[in-house]
Structure formats: C-alpha cells, structure tokens
file upload.cif (mmCIF, C-alpha atoms)
data_protein
#
loop_
_atom_site.label_atom_id
_atom_site.label_comp_id
_atom_site.auth_asym_id
_atom_site.auth_seq_id
_atom_site.Cartn_x
_atom_site.Cartn_y
_atom_site.Cartn_z
CA MET B 1 4.64 155.62 94.49
CA GLY B 2 6.50 152.46 95.54
CA GLU B 3 6.07 150.82 98.89
CA PRO B 4 8.95 150.32 101.29
CA ALA B 5 10.67 146.93 101.19
CA PRO B 6 9.39 144.49 103.77
CA THR B 7 11.67 144.04 106.76
CA PRO B 8 12.69 140.45 107.40
CA THR B 9 11.42 139.01 110.64
CA PRO B 10 14.06 137.40 112.83
CA LEU B 11 13.69 133.66 113.26
CA ASP B 12 13.14 132.26 116.71
CA GLU B 13 15.56 129.44 116.02
CA PRO B 14 17.95 128.87 113.10
CA PRO B 15 16.85 126.42 110.41
CA ARG B 16 17.64 122.83 111.18
CA HIS B 17 20.36 121.05 109.25
CA ASP B 18 19.38 117.70 107.82
CA PRO B 19 22.31 115.36 108.46
CA ARG B 20 21.31 113.13 105.56
CA SER B 21 21.27 116.01 103.05
CA VAL B 22 25.04 115.88 102.54
CA ALA B 23 25.00 112.14 101.86
CA ARG B 24 21.97 112.54 99.60
CA ALA B 25 23.64 115.32 97.61
CA TYR B 26 26.82 113.24 97.37
CA ARG B 27 24.89 110.24 95.98
CA TYR B 28 22.98 112.50 93.58
CA HIS B 29 26.10 114.08 92.10
CA ARG B 30 27.92 110.76 92.03
CA ALA B 31 25.02 109.22 90.10
CA ARG B 32 25.01 112.16 87.65
CA ARG B 33 28.74 111.74 87.09
CA ALA B 34 28.29 107.98 86.53
CA VAL B 35 25.54 108.64 83.99
CA ARG B 36 27.71 111.19 82.20
CA ILE B 37 30.65 108.74 82.04
CA GLU B 38 28.39 105.91 80.86
CA ARG B 39 26.88 108.16 78.17
CA ARG B 40 30.38 109.08 76.96
CA ARG B 41 31.38 105.39 76.89
CA GLU B 42 28.25 104.43 74.96
CA ARG B 43 28.82 107.23 72.45
CA ARG B 44 32.40 106.03 71.89
CA TRP B 45 31.25 102.42 71.31
CA ALA B 46 28.49 103.61 68.96
CA ARG B 47 31.04 105.58 66.95
CA LEU B 48 33.31 102.51 66.71
CA ARG B 49 30.41 100.28 65.67
CA PHE B 50 29.41 102.79 63.00
CA LEU B 51 32.95 103.05 61.60
CA PHE B 52 33.32 99.26 61.62
CA MET B 53 30.06 98.76 59.74
CA LEU B 54 30.94 101.54 57.30
CA GLY B 55 34.29 99.85 56.63
CA CYS B 56 32.56 96.50 56.09
CA LEU B 57 30.08 98.04 53.67
CA LEU B 58 32.85 99.81 51.74
CA LEU B 59 34.84 96.58 51.55
CA ALA B 60 31.77 94.68 50.33
CA ALA B 61 31.10 97.38 47.73
CA ALA B 62 34.73 97.23 46.54
CA VAL B 63 34.55 93.43 46.23
CA MET B 64 31.30 93.70 44.27
CA VAL B 65 32.82 96.29 41.91
CA VAL B 66 35.86 94.08 41.27
CA LEU B 67 33.68 91.00 40.66
CA ILE B 68 31.38 92.92 38.31
CA LEU B 69 34.36 94.32 36.37
CA GLN B 70 35.84 90.83 36.03
CA GLN B 71 32.51 89.49 34.81
CA VAL B 72 32.15 92.32 32.28
CA GLN B 73 35.69 91.72 31.00
CA HIS B 74 35.04 88.02 30.69
CA SER B 75 31.68 88.52 28.95
CA PHE B 76 32.93 91.06 26.40
CA GLY B 77 36.45 89.66 26.02
CA ILE B 78 38.16 92.88 27.01
#
call {"tool": "encode", "arguments": {"input": "upload.cif", "output": "structure tokens"}}
result
Amino acid sequence: MGEPAPTPTPLDEPPRHDPRSVARAYRYHRARRAVRIERRRERRWARLRFLFMLGCLLLAAAVMVVLILQQVQHSFGI
C-alpha cells in the first residue's frame, strides 16, 4: 500500500532574492551567445581556407598535368 504524499511545510520567510543573480545570468547568457557567434565565424573561415587550399591544389595539379603532357609530346614527337 502506498503512503500519503508528504505535506509541504510553510516557510517562515520567503526565499531571499540575490540581486546579483540577474546580472550573473545576463553575463552567462551573453558569454554563451558570444561563444556561439565566434564558433560560427571560425567555422566559416575554416570552410573558406579549405576551399582556397583545395582550389590551389587543383590548380597546381592542372598545371602539372599540362606540363607533363607537353613534355610527353615533346619527347615522343606527337
């Protein structure tokens, strides 16, 4: 058989409000938002750096292919 739910005891005085808690919560959420924005900015720059390096590597590979083809044509007289 279950027991009856405990009855809450009334408080003698209401809980105290910490006046600094609002400012602390504001700073906390502001810092979280700043971190989130900074993370997004860093991700965007990382994506741009990756695409730039990929483009450079593809360009270098294309130049190498053209130079190799020219050398093969010159060597075999094609």
call {"tool": "atom_distance", "arguments": {"input": "upload.cif", "atom1": "atom CA of B:Asp18", "atom2": "atom CA of B:Arg32"}}
result
21.7 Å
call {"tool": "atom_distance", "arguments": {"input": "upload.cif", "atom1": "atom CA of B:Leu67", "atom2": "atom CA of B:Arg49"}}
result
26.9 Å
call {"tool": "atom_distance", "arguments": {"input": "upload.cif", "atom1": "atom CA of B:Gln73", "atom2": "atom CA of B:Leu54"}}
result
28.5 Å
